[in-house]
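First comes the structure, then the notes that go with it.
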Amino acid sequence: MRGGPLLSRSRALLAAAIGTALAAPLALSVPAGAAAPAAGEYTVTALKFTVEAGGRQCVVDADLYRPAGVDAQHTAPAVLTTNGFGGSKSDGSTDATGKAFAQRGYVGLVYSGLGFGKSGCLISLDDPRIDGKAASALVDFLAGTRAADDGTKVDYVTADKKGDPRVGMIGGSYGGAVQLATASQDPRVDALVPMITWNDLTYSLDPQNAADRDVPGVFKWQWTNGFYLMGEGQPLLVPSLDPSRINKLSCLHFVDDACETISTLNSGRYPADRTKALLDYARSVSPVSYLKGVKAPTLVVQGQSDSLFNLNEARATYDTLREQGTPTKMIWQSWGHSGGLTDPASGELNLAQGNLETSYVGKRILAWFDTYLRHEKGVDTGPAFAYYRDWIGDPNDTYATAPSVPALSRKLYLSGDGKLVDNREKVARGSREYRNWLIPTSHSESSLAGLIGLPDPAPHDTRGTYLDWTTEPLDRSTDVVGAPKATLKVISPRTERVQNSDDAADKLVLFAKLYDVAPDGTKTLVHRLVSPVRVPDVTRPFTVTLPGIVHRYEKGHRIQFVIAASDDAYGGNKGVKPVTVSSSPEDTGTVELPVVTE
C-alpha cells in the first residue's frame, strides 16, 4: 500500500517517539511508587523458574507474595498475574496487583512474561503452546508439586485436590490474553479476569470489518509497529539479555512466525499464499482459536477508549464462552489503551489507589474471586453485562446494567443529498463521488500518543476524499450502546478492473465512522474509533460492523455517518480509486444503531 512521503515521514517520527518511550510499556499501568492501601501485611520473595517453552529452556523471573498468617494450616487461594506488552513484574500495575491481592489475603505470584523483564525465551504473542505452557509450570509451583530454582516450595495455597491449587488470574492487555492461553492448557485454573485484551490478532492488527473475513483487512501500522519496536528494543531496557531471548534467524526477539507476520503486513502486499499463512498463525495464537478449551469462569473487562483492542473483541470472547457454557460476564469500563489508562476517571478502578472496594469494577473483581476462589456462598457477581456512561456526573452511578448487549434497533438511510433519514421514502435520488490521494487525507488518532505523552490533533477529513450523511437535530437524547452496522454499495470501476487480482492489496479500502455533530458544528469522533474495510467485491453490497461504542447523542445534536478514503493510522489504497455512492428510495445504503431506551 503506497503511503507516499508524508506517511513515510510519519512512520519515522513515530519510531523516534517510541524509541524514547520504550520504558513506558503497553500495560495495565499505574504510577510507579504509588502508596499502597493500608491493609494486611505480606512478605515478598524473588524467585526464578527454569521452564521448557517453545523448544527452549528459559528462566521465568517472579515474585511470591505471601500474606501474614498464611501457612499449611491456614491456606489461601492464589492469584497469578503478569505484565502487559513491554513491561515486567516490576512495572507499576503488575507490582500493584500483587500487593493489592496479598493485602486482601491472597497468595500472589507475579512474573515477567516470556521475553520481557528478566525472563527468558522469545516473544511469541501469548501462544498457548509457549506462554500458556510456561504459566502452567507456575501453577505447578502453586500446587506444591515443583520447586523454584533455589528449592523454594509452597504448601499454603488452598487446594481442590492434591496437585490442583485454587488459583485465579488477572491482568491487562498482553497479561490478559495469557490467562485465556493458560486456561486452555491447564484446567486447574479456577477464575479469570482478562482486561483490555484481544480475541483475534488478525482483527486487532489488520482489521477487516466487512462480513467476509476471508479477505485480508487494513494494516493498523501505528499500533503494530509500536509493538514491534518495543519488542525489538529490549536491549535498551535489559542490557544483558538471556541468550534464550535472541533469535538468530530472523528478527531479534520474536519467534519466526511473528517476524514473518510483521514483515508481510509492512510489505503492503497480500499475495494469497503468504496471506493465508499470516492469518493462520495470528489466529492460532489468539483466543478465537482456543476458547473451546477455556472452562474457568471468566469476567471479561474491556475499555471503551481503546482503538487497539476495541469492544468488539470482548464481545466475541464473551459470546463464545457463554455459548459453550463457560460462566462469563462482561464489563465495558471507561479506560483502555487509547485513554485513561494511567489516569482513570473518578470512581474507576485504579490499582495505584487500591480502590478495589470502592470502584465498580474493583468490587466486581473481588466478588468474582470471592465466589470462584474463596467459594463464599451468596456473593453477587453482578449482572451479565455492565457499561460505563461518561455523561453521568455522579461517579457512584456511572454504570448501567443489562441482561445482554443491546440489539440493533434503529435504522437510518443514506439519502442522495447527504442526509441521514429515518424513512426510506425520504431518500432523495442522487450520486456523490470521492477519491483518495496517494497520501493519507484523514486523521483519527496518533495511536500511541496517549501512552507516550504526545499531543494528538483533532480528527479531521479532507474535502473531496470522503462522503458524509447527517441527520436532522435530534429531538431527544439518544444513547447508543454496542456496535453499529452499515450496509453499503459503492461504484469503483478502477477497482473492478483488478477485482480478481491474486494480490488482495488491489481491492478497495475505505474507513467508516460515526461523528457526533454539536449545534455549533463541532464534530466529535467517539473515542477516535474507525472501521477499516477492504471491500470484498465492489460489484456487490457489503456489510460493515463498526467498533462498539457507548455514547449519548444529546438533544439538538446530529448523528453523522462518514466513509473516508484513508486514515493515517492505517495502510491505504494502492493507487487512486475514485468511489461513487448512489441512492434512491428503492436502493440505498443503511446505518443501524443499537439504541437504548431508558
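The chains in the C-alpha cells are called A, B, ... from first to last as shown; in each chain the residues are counted from 1, and the ligands are counted from 1 in the order shown.
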Fewer than 6 positions away in the same chain doesn't count, so skip those; otherwise give me all residues within 12 Å of Val288 (chain A), counting only C-alpha atoms, as a ChimeraX atom specification. /A:128,177,180-181,184,198-204,280-282,294,313-321
DSSP on the backbone: which residues in region 324-408 of chain A end up as strand (DSSP E)? Give the answer as a VMD selection string. chain A and resid 328 to 333 385 to 388 399 to 402
Which residues of region 379-482 of chain A come within 10 Å of region 216-240 of chain A, and for each one, what is the closest pair of atoms and their distance in Å to one decimal, counting only C-alpha atoms, sorted by chain and residue number, as a tab-separated table?
residue	atom	partner	partner_atom	distance
A:Glu445	CA	A:Gln222	CA	9.7
A:Ser446	CA	A:Gln222	CA	7.6
A:Ser447	CA	A:Trp223	CA	6.0
A:Leu448	CA	A:Trp223	CA	6.9
So that I can see what lies close to region 324-333 of chain A, please list as an MDAnalysis selection string the residues with an atom at most 9 Å from it, counting only C-alpha atoms and leaving out residues fewer than 5 positions away in the same chain. chainID A and resid 292 294:305 311 314:315 318:319 348:349 361 381:389 399 550
Among the residues A:Asp256, A:Glu357, A:Glu554, A:Asp479, the one that comes closest to Ala400 (chain A) [using only C-alpha atoms]: A:Asp479
Could you list, as a compact mmCIF listing (two decimals) with N, CA and C atoms, in the first residue's frame, every residue within 10 Å of Pro484 (chain A), counting only C-alpha atoms and ignoring same-chain residues fewer than 4 positions away?
# COMPACT_ATOMS: atom_id res chain seq x y z
N ALA A 407 -29.48 -4.96 21.19
CA ALA A 407 -29.54 -5.33 19.77
C ALA A 407 -29.69 -4.08 18.90
N LEU A 408 -29.38 -4.23 17.62
CA LEU A 408 -29.62 -3.15 16.67
C LEU A 408 -31.12 -2.85 16.65
N SER A 409 -31.49 -1.58 16.80
CA SER A 409 -32.91 -1.26 16.95
C SER A 409 -33.38 -0.05 16.15
N ARG A 410 -32.44 0.70 15.56
CA ARG A 410 -32.86 1.87 14.79
C ARG A 410 -32.13 1.88 13.46
N LYS A 411 -32.90 2.02 12.37
CA LYS A 411 -32.31 2.00 11.03
C LYS A 411 -32.45 3.39 10.40
N VAL A 480 -26.43 5.24 22.38
CA VAL A 480 -26.01 4.12 21.54
C VAL A 480 -25.07 3.24 22.35
N LYS A 513 -17.15 5.50 9.85
CA LYS A 513 -17.10 6.04 11.22
C LYS A 513 -18.33 6.88 11.50
N LEU A 514 -18.57 7.11 12.78
CA LEU A 514 -19.70 7.91 13.23
C LEU A 514 -19.20 9.12 14.02
N VAL A 544 -20.76 -3.64 6.97
CA VAL A 544 -19.64 -3.18 7.77
C VAL A 544 -20.08 -3.12 9.24
N THR A 545 -19.32 -3.78 10.10
CA THR A 545 -19.55 -3.66 11.54
C THR A 545 -18.60 -2.62 12.10
N LEU A 546 -19.16 -1.60 12.74
CA LEU A 546 -18.33 -0.55 13.33
C LEU A 546 -17.90 -0.96 14.74
N PRO A 547 -16.86 -0.35 15.29
CA PRO A 547 -16.45 -0.67 16.66
C PRO A 547 -17.58 -0.36 17.64
N GLY A 548 -17.69 -1.18 18.66
CA GLY A 548 -18.67 -0.92 19.70
C GLY A 548 -18.39 0.39 20.42
N ILE A 549 -19.45 1.11 20.76
CA ILE A 549 -19.33 2.37 21.48
C ILE A 549 -20.40 2.44 22.56
N VAL A 591 -27.68 2.54 7.86
CA VAL A 591 -26.91 2.50 9.09
C VAL A 591 -27.85 2.06 10.20
N GLU A 592 -27.46 1.02 10.95
CA GLU A 592 -28.28 0.54 12.06
C GLU A 592 -27.57 0.77 13.37
N LEU A 593 -28.32 1.23 14.37
CA LEU A 593 -27.76 1.59 15.66
C LEU A 593 -28.40 0.79 16.79
N PRO A 594 -27.60 0.35 17.77
CA PRO A 594 -28.17 -0.26 18.97
C PRO A 594 -28.54 0.83 19.98
N VAL A 595 -29.75 1.30 19.93
CA VAL A 595 -30.20 2.41 20.76
C VAL A 595 -30.88 1.89 22.02
Give me the residues within 10 Å of region 129-140 of chain A as a PyMOL selection string, counting only C-alpha atoms and dropping any in the same chain fewer than 5 places off. chain A and resi 49-56+58-60+62+78+80-82+109-111+113-115+121-124+145-148+163-168+177-189+284-285
DSSP says helix (DSSP H, G or I) for which residues of region 328-536 of chain A? Put them as a ChimeraX atom specification? /A:351-353,360-372,395-397,424-426,449-452,493-496,504-506,526-528
Residues from the last selection, N, CA and C atoms, saved as a CSV table (one decimal), in the first residue's frame:
chain,number,residue,atom,x,y,z
A,351,LEU,N,-5.6,0.8,40.4
A,351,LEU,CA,-4.8,-0.1,41.4
A,351,LEU,C,-3.8,0.8,42.2
A,352,ALA,N,-3.3,1.9,41.7
A,352,ALA,CA,-2.4,2.8,42.4
A,352,ALA,C,-3.1,3.3,43.7
A,353,GLN,N,-4.4,3.5,43.6
A,353,GLN,CA,-5.2,3.9,44.8
A,353,GLN,C,-5.7,2.8,45.6
A,360,TYR,N,-16.5,0.4,40.9
A,360,TYR,CA,-17.5,-0.6,40.5
A,360,TYR,C,-16.7,-1.8,39.9
A,361,VAL,N,-15.8,-1.6,39.1
A,361,VAL,CA,-15.0,-2.8,38.5
A,361,VAL,C,-14.3,-3.5,39.6
A,362,GLY,N,-13.7,-2.8,40.5
A,362,GLY,CA,-12.9,-3.5,41.6
A,362,GLY,C,-13.8,-4.3,42.4
A,363,LYS,N,-15.0,-3.9,42.8
A,363,LYS,CA,-16.0,-4.7,43.6
A,363,LYS,C,-16.4,-5.9,42.8
A,364,ARG,N,-16.6,-5.8,41.5
A,364,ARG,CA,-17.0,-6.9,40.7
A,364,ARG,C,-15.9,-8.0,40.7
A,365,ILE,N,-14.6,-7.5,40.6
A,365,ILE,CA,-13.5,-8.5,40.6
A,365,ILE,C,-13.4,-9.2,41.9
A,366,LEU,N,-13.5,-8.4,43.0
A,366,LEU,CA,-13.4,-9.1,44.3
A,366,LEU,C,-14.6,-10.1,44.5
A,367,ALA,N,-15.7,-9.8,44.0
A,367,ALA,CA,-16.9,-10.7,44.1
A,367,ALA,C,-16.6,-12.0,43.3
A,368,TRP,N,-16.0,-11.8,42.1
A,368,TRP,CA,-15.7,-12.9,41.2
A,368,TRP,C,-14.7,-13.9,41.9
A,369,PHE,N,-13.6,-13.3,42.5
A,369,PHE,CA,-12.7,-14.2,43.2
A,369,PHE,C,-13.2,-14.7,44.5
A,370,ASP,N,-14.1,-13.9,45.2
A,370,ASP,CA,-14.7,-14.5,46.4
A,370,ASP,C,-15.5,-15.7,46.1
A,371,THR,N,-16.2,-15.7,44.9
A,371,THR,CA,-17.1,-16.8,44.5
A,371,THR,C,-16.3,-18.0,44.1
A,372,TYR,N,-15.4,-17.7,43.2
A,372,TYR,CA,-14.7,-18.9,42.5
A,372,TYR,C,-13.4,-19.3,43.1
A,395,PRO,N,-20.0,9.8,40.1
A,395,PRO,CA,-19.1,8.6,39.9
A,395,PRO,C,-19.7,7.4,40.5
A,396,ASN,N,-20.7,7.5,41.4
A,396,ASN,CA,-21.3,6.3,42.1
A,396,ASN,C,-22.4,5.7,41.2
A,397,ASP,N,-22.7,6.4,40.1
A,397,ASP,CA,-23.9,5.9,39.3
A,397,ASP,C,-23.5,5.9,37.8
A,424,ARG,N,-37.3,5.2,4.5
A,424,ARG,CA,-36.8,5.0,3.1
A,424,ARG,C,-37.5,6.0,2.1
A,425,GLU,N,-38.7,6.4,2.4
A,425,GLU,CA,-39.4,7.3,1.5
A,425,GLU,C,-38.8,8.7,1.4
A,426,LYS,N,-38.0,9.0,2.4
A,426,LYS,CA,-37.4,10.3,2.5
A,426,LYS,C,-36.1,10.4,1.7
A,449,ALA,N,-0.2,8.1,21.1
A,449,ALA,CA,0.0,9.4,21.7
A,449,ALA,C,-0.3,9.5,23.2
A,450,GLY,N,-1.4,8.8,23.5
A,450,GLY,CA,-1.8,8.8,24.9
A,450,GLY,C,-0.8,8.1,25.8
A,451,LEU,N,-0.2,7.1,25.3
A,451,LEU,CA,0.7,6.2,26.1
A,451,LEU,C,2.1,6.9,26.3
A,452,ILE,N,2.5,7.7,25.3
A,452,ILE,CA,3.9,8.3,25.4
A,452,ILE,C,3.8,9.8,25.6
A,493,PRO,N,-15.0,1.7,-10.7
A,493,PRO,CA,-14.6,1.0,-11.9
A,493,PRO,C,-13.1,0.6,-11.9
A,494,ARG,N,-12.2,1.4,-11.4
A,494,ARG,CA,-10.8,1.1,-11.4
A,494,ARG,C,-10.5,-0.1,-10.5
A,495,THR,N,-11.3,-0.3,-9.4
A,495,THR,CA,-11.2,-1.5,-8.6
A,495,THR,C,-11.7,-2.7,-9.3
A,496,GLU,N,-12.8,-2.5,-10.0
A,496,GLU,CA,-13.4,-3.7,-10.7
A,496,GLU,C,-12.4,-4.3,-11.7
A,504,ALA,N,-4.6,-9.3,-2.8
A,504,ALA,CA,-5.8,-8.6,-2.2
A,504,ALA,C,-5.5,-7.2,-1.9
A,505,ALA,N,-4.3,-6.7,-1.9
A,505,ALA,CA,-4.0,-5.3,-1.7
A,505,ALA,C,-4.6,-4.4,-2.9
A,506,ASP,N,-4.9,-5.1,-4.0
A,506,ASP,CA,-5.5,-4.3,-5.1
A,506,ASP,C,-7.0,-3.9,-4.8
A,526,VAL,N,-16.3,9.6,18.2
A,526,VAL,CA,-16.4,9.0,19.5
A,526,VAL,C,-15.2,8.1,19.8
A,527,HIS,N,-14.4,8.4,20.8
A,527,HIS,CA,-13.2,7.6,21.2
A,527,HIS,C,-12.2,7.5,20.0
A,528,ARG,N,-12.4,8.3,19.0
A,528,ARG,CA,-11.5,8.3,17.8
A,528,ARG,C,-11.5,6.9,17.1
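The protein and nucleic acid residues lying at most 7 Å from Val535 (chain A) are A:Ala210, A:Lys507, A:Leu508, A:Val509, A:Val533, A:Asp537, A:Val538, with only C-alpha atoms considered and sequence neighbours fewer than 2 positions away removed.
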Could you make a table, as a Markdown table, of the residues of region 355-433 of chain A that have an atom within 9 Å of an atom of region 460-471 of chain A, each with its nearest atom pair and distance in Å to one decimal, counting only C-alpha atoms, in chain and number order?
| residue | atom | partner | partner_atom | distance |
| --- | --- | --- | --- | --- |
| A:Leu412 | CA | A:Thr471 | CA | 8.7 |
| A:Tyr413 | CA | A:Trp469 | CA | 8.9 |
| A:Leu414 | CA | A:Trp469 | CA | 6.4 |
| A:Ser415 | CA | A:Trp469 | CA | 7.4 |
| A:Gly416 | CA | A:Trp469 | CA | 8.9 |
| A:Asp417 | CA | A:Trp469 | CA | 8.2 |
| A:Gly418 | CA | A:Trp469 | CA | 4.5 |
| A:Lys419 | CA | A:Trp469 | CA | 4.8 |
| A:Leu420 | CA | A:Thr471 | CA | 4.6 |
| A:Val421 | CA | A:Thr471 | CA | 6.1 |
| A:Asp422 | CA | A:Thr471 | CA | 8.4 |
| A:Arg432 | CA | A:Leu467 | CA | 7.6 |
| A:Glu433 | CA | A:Leu467 | CA | 7.5 |
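Proximity ranking of A:Val427, A:Leu279, A:Val154, A:Ile491 relative to Val215 (chain A) places A:Leu279 first, based on only C-alpha atoms.
Ranking A:Ala272, A:Leu47, A:Leu252, A:Val576 by their shortest atom-to-atom distance to Lys153 (chain A), with only C-alpha atoms included, puts A:Leu47 first.
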